[in-house]
$ cat run-v5.cif   # mmCIF, C-alpha atoms
data_work
loop_
_atom_site.label_atom_id
_atom_site.label_comp_id
_atom_site.auth_asym_id
_atom_site.auth_seq_id
_atom_site.Cartn_x
_atom_site.Cartn_y
_atom_site.Cartn_z
CA MET A 1 171.05 -41.49 -160.74
CA LYS A 2 173.17 -40.07 -157.96
CA HIS A 3 171.39 -39.65 -154.62
CA LEU A 4 172.02 -39.52 -150.89
CA ALA A 5 172.37 -43.30 -150.57
CA ASN A 6 175.04 -43.70 -153.27
CA CYS A 7 177.12 -40.53 -153.04
CA THR A 8 180.40 -40.08 -151.20
CA PRO A 9 180.35 -39.28 -147.48
CA THR A 10 181.63 -35.77 -148.22
CA GLU A 11 178.89 -35.17 -150.81
CA PHE A 12 176.31 -36.56 -148.39
CA LEU A 13 177.32 -34.27 -145.53
CA LYS A 14 177.45 -31.18 -147.74
CA GLN A 15 174.04 -31.96 -149.27
CA VAL A 16 172.24 -32.69 -146.00
CA ARG A 17 173.41 -29.33 -144.66
CA LYS A 18 171.54 -27.74 -147.59
CA LEU A 19 168.54 -30.05 -147.14
CA ARG A 20 167.92 -29.61 -143.42
CA GLY A 21 165.97 -26.33 -143.44
CA PRO A 22 163.88 -27.04 -146.54
CA PHE A 23 163.14 -30.57 -145.30
CA LYS A 24 161.92 -29.34 -141.91
CA ALA A 25 159.76 -26.69 -143.61
CA TRP A 26 158.36 -29.33 -145.98
CA LEU A 27 157.47 -31.64 -143.09
CA ASP A 28 155.63 -28.77 -141.39
CA ALA A 29 153.82 -27.76 -144.59
CA THR A 30 152.69 -31.27 -145.48
CA GLY A 31 151.77 -32.58 -142.02
CA ILE A 32 153.54 -35.84 -142.78
CA PRO A 33 154.89 -36.35 -139.24
CA ALA A 34 151.31 -36.50 -137.91
CA ILE A 35 150.37 -39.06 -140.54
CA ARG A 36 153.43 -41.19 -139.72
CA ALA A 37 152.68 -41.00 -135.98
CA ARG A 38 149.37 -42.81 -136.32
CA ARG A 39 149.08 -46.06 -134.40
CA PRO A 40 146.37 -48.70 -134.62
CA GLU A 41 143.82 -49.00 -131.87
CA GLY A 42 145.07 -51.13 -128.97
CA PHE A 43 148.70 -50.71 -130.02
CA GLU A 44 149.94 -50.31 -126.45
CA ASP A 45 148.53 -53.69 -125.45
CA MET A 46 150.09 -55.63 -128.34
CA THR A 47 153.05 -57.97 -128.09
CA ASP A 48 156.28 -56.88 -129.75
CA GLU A 49 155.57 -59.11 -132.74
CA GLU A 50 152.01 -57.78 -133.05
CA LYS A 51 153.33 -54.21 -132.82
CA ARG A 52 155.84 -54.87 -135.60
CA ASP A 53 153.14 -56.31 -137.87
CA ALA A 54 150.71 -53.52 -136.96
CA LEU A 55 153.29 -50.84 -137.77
CA ILE A 56 154.01 -52.41 -141.15
CA GLU A 57 150.30 -52.44 -141.94
CA GLN A 58 149.88 -48.87 -140.66
CA ALA A 59 152.73 -47.74 -142.92
CA ARG A 60 150.99 -49.34 -145.91
CA GLN A 61 147.79 -47.49 -145.03
CA ASN A 62 149.63 -44.19 -144.50
CA THR A 63 151.63 -44.22 -147.75
CA PRO A 64 148.88 -42.98 -150.11
CA GLU A 65 148.00 -40.16 -147.70
CA ILE A 66 151.65 -39.18 -147.35
CA LEU A 67 151.98 -39.02 -151.13
CA ASP A 68 148.80 -36.95 -151.38
CA ALA A 69 150.07 -34.55 -148.72
CA ALA A 70 153.45 -34.17 -150.45
CA LEU A 71 151.88 -33.47 -153.82
CA GLU A 72 148.87 -31.42 -152.74
CA LYS A 73 150.15 -29.40 -149.79
CA ASP A 74 153.66 -28.58 -151.06
CA PHE A 75 154.16 -29.69 -154.65
CA ASP A 76 156.99 -27.25 -155.34
CA GLY A 77 158.73 -28.15 -152.08
CA THR A 78 158.46 -31.83 -152.94
CA ILE A 79 160.11 -31.25 -156.32
CA ALA A 80 162.82 -29.10 -154.73
CA LEU A 81 163.63 -31.79 -152.15
CA LEU A 82 163.72 -34.51 -154.80
CA CYS A 83 166.19 -32.39 -156.74
CA MET A 84 168.38 -31.80 -153.70
CA ALA A 85 168.31 -35.45 -152.64
CA THR A 86 169.26 -36.57 -156.16
CA PHE A 87 171.80 -33.83 -156.90
CA THR A 88 169.58 -32.69 -159.80
CA ALA A 89 169.41 -29.06 -160.86
CA PRO A 90 165.76 -27.92 -160.61
CA GLU A 91 165.75 -26.94 -164.27
CA ASP A 92 166.78 -30.52 -165.14
CA PHE A 93 164.04 -32.21 -163.09
CA ASP A 94 162.06 -33.34 -166.14
CA GLY A 95 165.20 -34.76 -167.70
CA HIS A 96 164.78 -37.88 -165.56
CA THR A 97 161.96 -40.39 -165.50
CA LEU A 98 159.57 -40.81 -162.61
CA GLY A 99 160.94 -44.33 -162.25
CA GLU A 100 164.43 -42.95 -161.64
CA TYR A 101 163.13 -40.72 -158.87
CA LEU A 102 161.08 -43.51 -157.32
CA SER A 103 164.07 -45.86 -157.36
CA ALA A 104 166.25 -43.19 -155.76
CA VAL A 105 163.65 -42.45 -153.05
CA ASN A 106 163.26 -46.15 -152.32
CA ALA A 107 167.04 -46.59 -152.07
CA MET A 108 167.31 -43.63 -149.69
CA LEU A 109 164.39 -44.76 -147.52
CA THR A 110 165.79 -48.26 -147.17
CA ASP A 111 169.39 -47.24 -146.57
CA GLU A 112 170.14 -47.60 -142.85
CA GLY A 113 172.84 -44.94 -142.92
CA VAL A 114 170.63 -42.32 -144.57
CA ARG A 115 167.66 -43.10 -142.30
CA GLY A 116 169.81 -43.14 -139.19
CA PHE A 117 171.49 -39.86 -140.06
CA PHE A 118 168.20 -38.06 -140.65
CA THR A 119 166.74 -39.47 -137.45
CA LEU A 120 169.65 -38.02 -135.49
CA TYR A 121 170.07 -34.82 -137.53
CA LEU A 122 166.47 -33.70 -137.53
#
$ encode --input "run-v5.cif" --output "structure tokens"
Amino acid sequence: MKHLANCTPTEFLKQVRKLRGPFKAWLDATGIPAIRARRPEGFEDMTDEEKRDALIEQARQNTPEILDAALEKDFDGTIALLCMATFTAPEDFDGHTLGEYLSAVNAMLTDEGVRGFFTLYL
């Protein structure tokens, strides 16, 4: 499945221009930035290593709530973004398996270039 982490640089730049507005609106609708901003108690007093471990654990705890927010607060927006990020026409969404989408999302989330671009772009 084609997605933002395995497309050409030209395709990537054209697609993220289309994604920017809907992605910002989706973040606002779902409240995901607030969920991701959570820090464990005493975080400021931790060593760098403790902070790293605490953030990994916090991310594990946040993931189910992020998924719930995406599916409950903006289901249609979530589908639309998945389609845009995977170059899938909305009418063809059900033509792919959930596993394909999950693999694509994982690849995009773990790709340093994609993550770095969105951090700077948004």
$ atom_distance --input "run-v5.cif" --atom1 "CA of Leu13 (chain A)" --atom2 "CA of Ala25 (chain A)"
19.2 Å
$ resolve_selection --input "run-v5.cif" --expression "the PyMOL selection byres ((chain A and resi 20) around 12)" --output "mmCIF file with C-alpha atoms, in the frame of the given file"
data_model
loop_
_atom_site.group_PDB
_atom_site.id
_atom_site.type_symbol
_atom_site.label_atom_id
_atom_site.label_comp_id
_atom_site.auth_asym_id
_atom_site.auth_seq_id
_atom_site.Cartn_x
_atom_site.Cartn_y
_atom_site.Cartn_z
ATOM 1 C CA PHE A 12 176.310 -36.560 -148.390
ATOM 2 C CA LEU A 13 177.320 -34.270 -145.530
ATOM 3 C CA LYS A 14 177.450 -31.180 -147.740
ATOM 4 C CA GLN A 15 174.040 -31.960 -149.270
ATOM 5 C CA VAL A 16 172.240 -32.690 -146.000
ATOM 6 C CA ARG A 17 173.410 -29.330 -144.660
ATOM 7 C CA LYS A 18 171.540 -27.740 -147.590
ATOM 8 C CA LEU A 19 168.540 -30.050 -147.140
ATOM 9 C CA GLY A 21 165.970 -26.330 -143.440
ATOM 10 C CA PRO A 22 163.880 -27.040 -146.540
ATOM 11 C CA PHE A 23 163.140 -30.570 -145.300
ATOM 12 C CA LYS A 24 161.920 -29.340 -141.910
ATOM 13 C CA ALA A 25 159.760 -26.690 -143.610
ATOM 14 C CA TRP A 26 158.360 -29.330 -145.980
ATOM 15 C CA LEU A 27 157.470 -31.640 -143.090
ATOM 16 C CA LEU A 81 163.630 -31.790 -152.150
ATOM 17 C CA MET A 84 168.380 -31.800 -153.700
ATOM 18 C CA ALA A 85 168.310 -35.450 -152.640
ATOM 19 C CA PHE A 117 171.490 -39.860 -140.060
ATOM 20 C CA PHE A 118 168.200 -38.060 -140.650
ATOM 21 C CA THR A 119 166.740 -39.470 -137.450
ATOM 22 C CA LEU A 120 169.650 -38.020 -135.490
ATOM 23 C CA TYR A 121 170.070 -34.820 -137.530
ATOM 24 C CA LEU A 122 166.470 -33.700 -137.530
#
$ residues_around --input "run-v5.cif" --residues "region 91-97 of chain A" --least-positions-apart "2" --cutoff "12 Å" --atoms "all atoms listed in the file" --output "list of chain:residue names"
A:Met1, A:Lys2, A:Asp76, A:Thr78, A:Ile79, A:Ala80, A:Leu81, A:Leu82, A:Cys83, A:Met84, A:Ala85, A:Thr86, A:Phe87, A:Thr88, A:Ala89, A:Gly99, A:Glu100, A:Tyr101, A:Leu102, A:Ser103, A:Ala104
$ closest_residue --input "run-v5.cif" --among "A:Pro64, A:Gly77, A:Gly113, A:Pro90" --to "Ile35 (chain A)" --atoms "only C-alpha atoms"
A:Pro64
$ residues_around --input "run-v5.cif" --residues "Ala59 (chain A)" --least-positions-apart "6" --cutoff "10 Å" --atoms "all atoms listed in the file" --output "mmCIF file with C-alpha atoms, in the coordinates of the input"
data_model
loop_
_atom_site.group_PDB
_atom_site.id
_atom_site.type_symbol
_atom_site.label_atom_id
_atom_site.label_comp_id
_atom_site.auth_asym_id
_atom_site.auth_seq_id
_atom_site.Cartn_x
_atom_site.Cartn_y
_atom_site.Cartn_z
ATOM 1 C CA ILE A 35 150.370 -39.060 -140.540
ATOM 2 C CA ARG A 36 153.430 -41.190 -139.720
ATOM 3 C CA ALA A 37 152.680 -41.000 -135.980
ATOM 4 C CA ARG A 38 149.370 -42.810 -136.320
ATOM 5 C CA ARG A 39 149.080 -46.060 -134.400
ATOM 6 C CA ASP A 53 153.140 -56.310 -137.870
ATOM 7 C CA ILE A 66 151.650 -39.180 -147.350
#
$ closest_residue --input "run-v5.cif" --among "A:Leu55, A:Ala69, A:Met46, A:Cys7" --to "Ile32 (chain A)" --atoms "only C-alpha atoms"
A:Ala69
$ atom_distance --input "run-v5.cif" --atom1 "CA of Met108 (chain A)" --atom2 "CA of His3 (chain A)"
7.5 Å
$ closest_residue --input "run-v5.cif" --among "A:Asp111, A:Asp48, A:Glu72, A:Glu65" --to "Pro33 (chain A)" --atoms "all atoms listed in the file"
A:Glu65
$ build_atoms --input "run-v5.cif" --residues "region 61-72 of chain A" --atoms "all heavy atoms" --output "PDB file, in the frame of the given file"
ATOM      1  N   GLN A  61     149.004 -48.321-144.982  1.00  0.00           N
ATOM      2  CA  GLN A  61     147.790 -47.490-145.030  1.00  0.00           C
ATOM      3  C   GLN A  61     148.138 -46.011-145.125  1.00  0.00           C
ATOM      4  O   GLN A  61     147.405 -45.240-145.749  1.00  0.00           O
ATOM      5  CB  GLN A  61     146.939 -47.742-143.784  1.00  0.00           C
ATOM      6  CG  GLN A  61     146.320 -49.115-143.720  1.00  0.00           C
ATOM      7  CD  GLN A  61     145.589 -49.364-142.411  1.00  0.00           C
ATOM      8  OE1 GLN A  61     145.281 -48.444-141.668  1.00  0.00           O
ATOM      9  NE2 GLN A  61     145.322 -50.632-142.127  1.00  0.00           N
ATOM     10  N   ASN A  62     149.250 -45.606-144.517  1.00  0.00           N
ATOM     11  CA  ASN A  62     149.630 -44.190-144.500  1.00  0.00           C
ATOM     12  C   ASN A  62     150.253 -43.722-145.817  1.00  0.00           C
ATOM     13  O   ASN A  62     150.180 -42.535-146.138  1.00  0.00           O
ATOM     14  CB  ASN A  62     150.654 -43.935-143.386  1.00  0.00           C
ATOM     15  CG  ASN A  62     150.064 -44.051-142.007  1.00  0.00           C
ATOM     16  OD1 ASN A  62     148.857 -44.091-141.822  1.00  0.00           O
ATOM     17  ND2 ASN A  62     150.930 -44.112-141.012  1.00  0.00           N
ATOM     18  N   THR A  63     150.860 -44.611-146.565  1.00  0.00           N
ATOM     19  CA  THR A  63     151.630 -44.220-147.750  1.00  0.00           C
ATOM     20  C   THR A  63     150.822 -43.400-148.755  1.00  0.00           C
ATOM     21  O   THR A  63     151.300 -42.339-149.187  1.00  0.00           O
ATOM     22  CB  THR A  63     152.263 -45.457-148.415  1.00  0.00           C
ATOM     23  OG1 THR A  63     153.164 -46.055-147.472  1.00  0.00           O
ATOM     24  CG2 THR A  63     153.024 -45.085-149.672  1.00  0.00           C
ATOM     25  N   PRO A  64     149.613 -43.812-149.146  1.00  0.00           N
ATOM     26  CA  PRO A  64     148.880 -42.980-150.110  1.00  0.00           C
ATOM     27  C   PRO A  64     148.572 -41.575-149.564  1.00  0.00           C
ATOM     28  O   PRO A  64     148.642 -40.592-150.305  1.00  0.00           O
ATOM     29  CB  PRO A  64     147.570 -43.754-150.336  1.00  0.00           C
ATOM     30  CG  PRO A  64     147.867 -45.151-149.932  1.00  0.00           C
ATOM     31  CD  PRO A  64     148.906 -45.062-148.860  1.00  0.00           C
ATOM     32  N   GLU A  65     148.288 -41.475-148.280  1.00  0.00           N
ATOM     33  CA  GLU A  65     148.000 -40.160-147.700  1.00  0.00           C
ATOM     34  C   GLU A  65     149.254 -39.299-147.620  1.00  0.00           C
ATOM     35  O   GLU A  65     149.199 -38.084-147.814  1.00  0.00           O
ATOM     36  CB  GLU A  65     147.376 -40.328-146.307  1.00  0.00           C
ATOM     37  CG  GLU A  65     146.684 -39.075-145.858  1.00  0.00           C
ATOM     38  CD  GLU A  65     145.787 -39.297-144.665  1.00  0.00           C
ATOM     39  OE1 GLU A  65     145.356 -40.433-144.414  1.00  0.00           O
ATOM     40  OE2 GLU A  65     145.510 -38.299-143.986  1.00  0.00           O
ATOM     41  N   ILE A  66     150.389 -39.921-147.365  1.00  0.00           N
ATOM     42  CA  ILE A  66     151.650 -39.180-147.350  1.00  0.00           C
ATOM     43  C   ILE A  66     151.953 -38.647-148.751  1.00  0.00           C
ATOM     44  O   ILE A  66     152.341 -37.481-148.907  1.00  0.00           O
ATOM     45  CB  ILE A  66     152.797 -40.083-146.826  1.00  0.00           C
ATOM     46  CG1 ILE A  66     152.638 -40.296-145.317  1.00  0.00           C
ATOM     47  CG2 ILE A  66     154.166 -39.498-147.168  1.00  0.00           C
ATOM     48  CD1 ILE A  66     153.562 -41.343-144.728  1.00  0.00           C
ATOM     49  N   LEU A  67     151.760 -39.479-149.754  1.00  0.00           N
ATOM     50  CA  LEU A  67     151.980 -39.020-151.130  1.00  0.00           C
ATOM     51  C   LEU A  67     151.026 -37.894-151.502  1.00  0.00           C
ATOM     52  O   LEU A  67     151.434 -36.905-152.125  1.00  0.00           O
ATOM     53  CB  LEU A  67     151.843 -40.185-152.105  1.00  0.00           C
ATOM     54  CG  LEU A  67     152.946 -41.235-152.027  1.00  0.00           C
ATOM     55  CD1 LEU A  67     152.599 -42.438-152.895  1.00  0.00           C
ATOM     56  CD2 LEU A  67     154.282 -40.649-152.419  1.00  0.00           C
ATOM     57  N   ASP A  68     149.766 -38.024-151.122  1.00  0.00           N
ATOM     58  CA  ASP A  68     148.800 -36.950-151.380  1.00  0.00           C
ATOM     59  C   ASP A  68     149.231 -35.656-150.705  1.00  0.00           C
ATOM     60  O   ASP A  68     149.184 -34.585-151.313  1.00  0.00           O
ATOM     61  CB  ASP A  68     147.403 -37.337-150.871  1.00  0.00           C
ATOM     62  CG  ASP A  68     146.689 -38.318-151.777  1.00  0.00           C
ATOM     63  OD1 ASP A  68     147.127 -38.507-152.929  1.00  0.00           O
ATOM     64  OD2 ASP A  68     145.689 -38.909-151.323  1.00  0.00           O
ATOM     65  N   ALA A  69     149.652 -35.746-149.452  1.00  0.00           N
ATOM     66  CA  ALA A  69     150.070 -34.550-148.720  1.00  0.00           C
ATOM     67  C   ALA A  69     151.277 -33.902-149.395  1.00  0.00           C
ATOM     68  O   ALA A  69     151.332 -32.674-149.555  1.00  0.00           O
ATOM     69  CB  ALA A  69     150.387 -34.906-147.270  1.00  0.00           C
ATOM     70  N   ALA A  70     152.242 -34.705-149.804  1.00  0.00           N
ATOM     71  CA  ALA A  70     153.450 -34.170-150.450  1.00  0.00           C
ATOM     72  C   ALA A  70     153.110 -33.451-151.748  1.00  0.00           C
ATOM     73  O   ALA A  70     153.643 -32.374-152.031  1.00  0.00           O
ATOM     74  CB  ALA A  70     154.443 -35.299-150.712  1.00  0.00           C
ATOM     75  N   LEU A  71     152.199 -34.037-152.511  1.00  0.00           N
ATOM     76  CA  LEU A  71     151.880 -33.470-153.820  1.00  0.00           C
ATOM     77  C   LEU A  71     150.837 -32.358-153.769  1.00  0.00           C
ATOM     78  O   LEU A  71     150.861 -31.451-154.591  1.00  0.00           O
ATOM     79  CB  LEU A  71     151.425 -34.576-154.767  1.00  0.00           C
ATOM     80  CG  LEU A  71     152.492 -35.627-155.077  1.00  0.00           C
ATOM     81  CD1 LEU A  71     151.897 -36.763-155.905  1.00  0.00           C
ATOM     82  CD2 LEU A  71     153.693 -35.007-155.759  1.00  0.00           C
ATOM     83  N   GLU A  72     149.931 -32.420-152.806  1.00  0.00           N
ATOM     84  CA  GLU A  72     148.870 -31.420-152.740  1.00  0.00           C
ATOM     85  C   GLU A  72     149.213 -30.231-151.846  1.00  0.00           C
ATOM     86  O   GLU A  72     148.865 -29.096-152.158  1.00  0.00           O
ATOM     87  CB  GLU A  72     147.574 -32.067-152.251  1.00  0.00           C
ATOM     88  CG  GLU A  72     146.980 -33.017-153.274  1.00  0.00           C
ATOM     89  CD  GLU A  72     145.719 -33.715-152.780  1.00  0.00           C
ATOM     90  OE1 GLU A  72     145.153 -33.283-151.753  1.00  0.00           O
ATOM     91  OE2 GLU A  72     145.317 -34.697-153.418  1.00  0.00           O
TER      92      GLU A  72
END
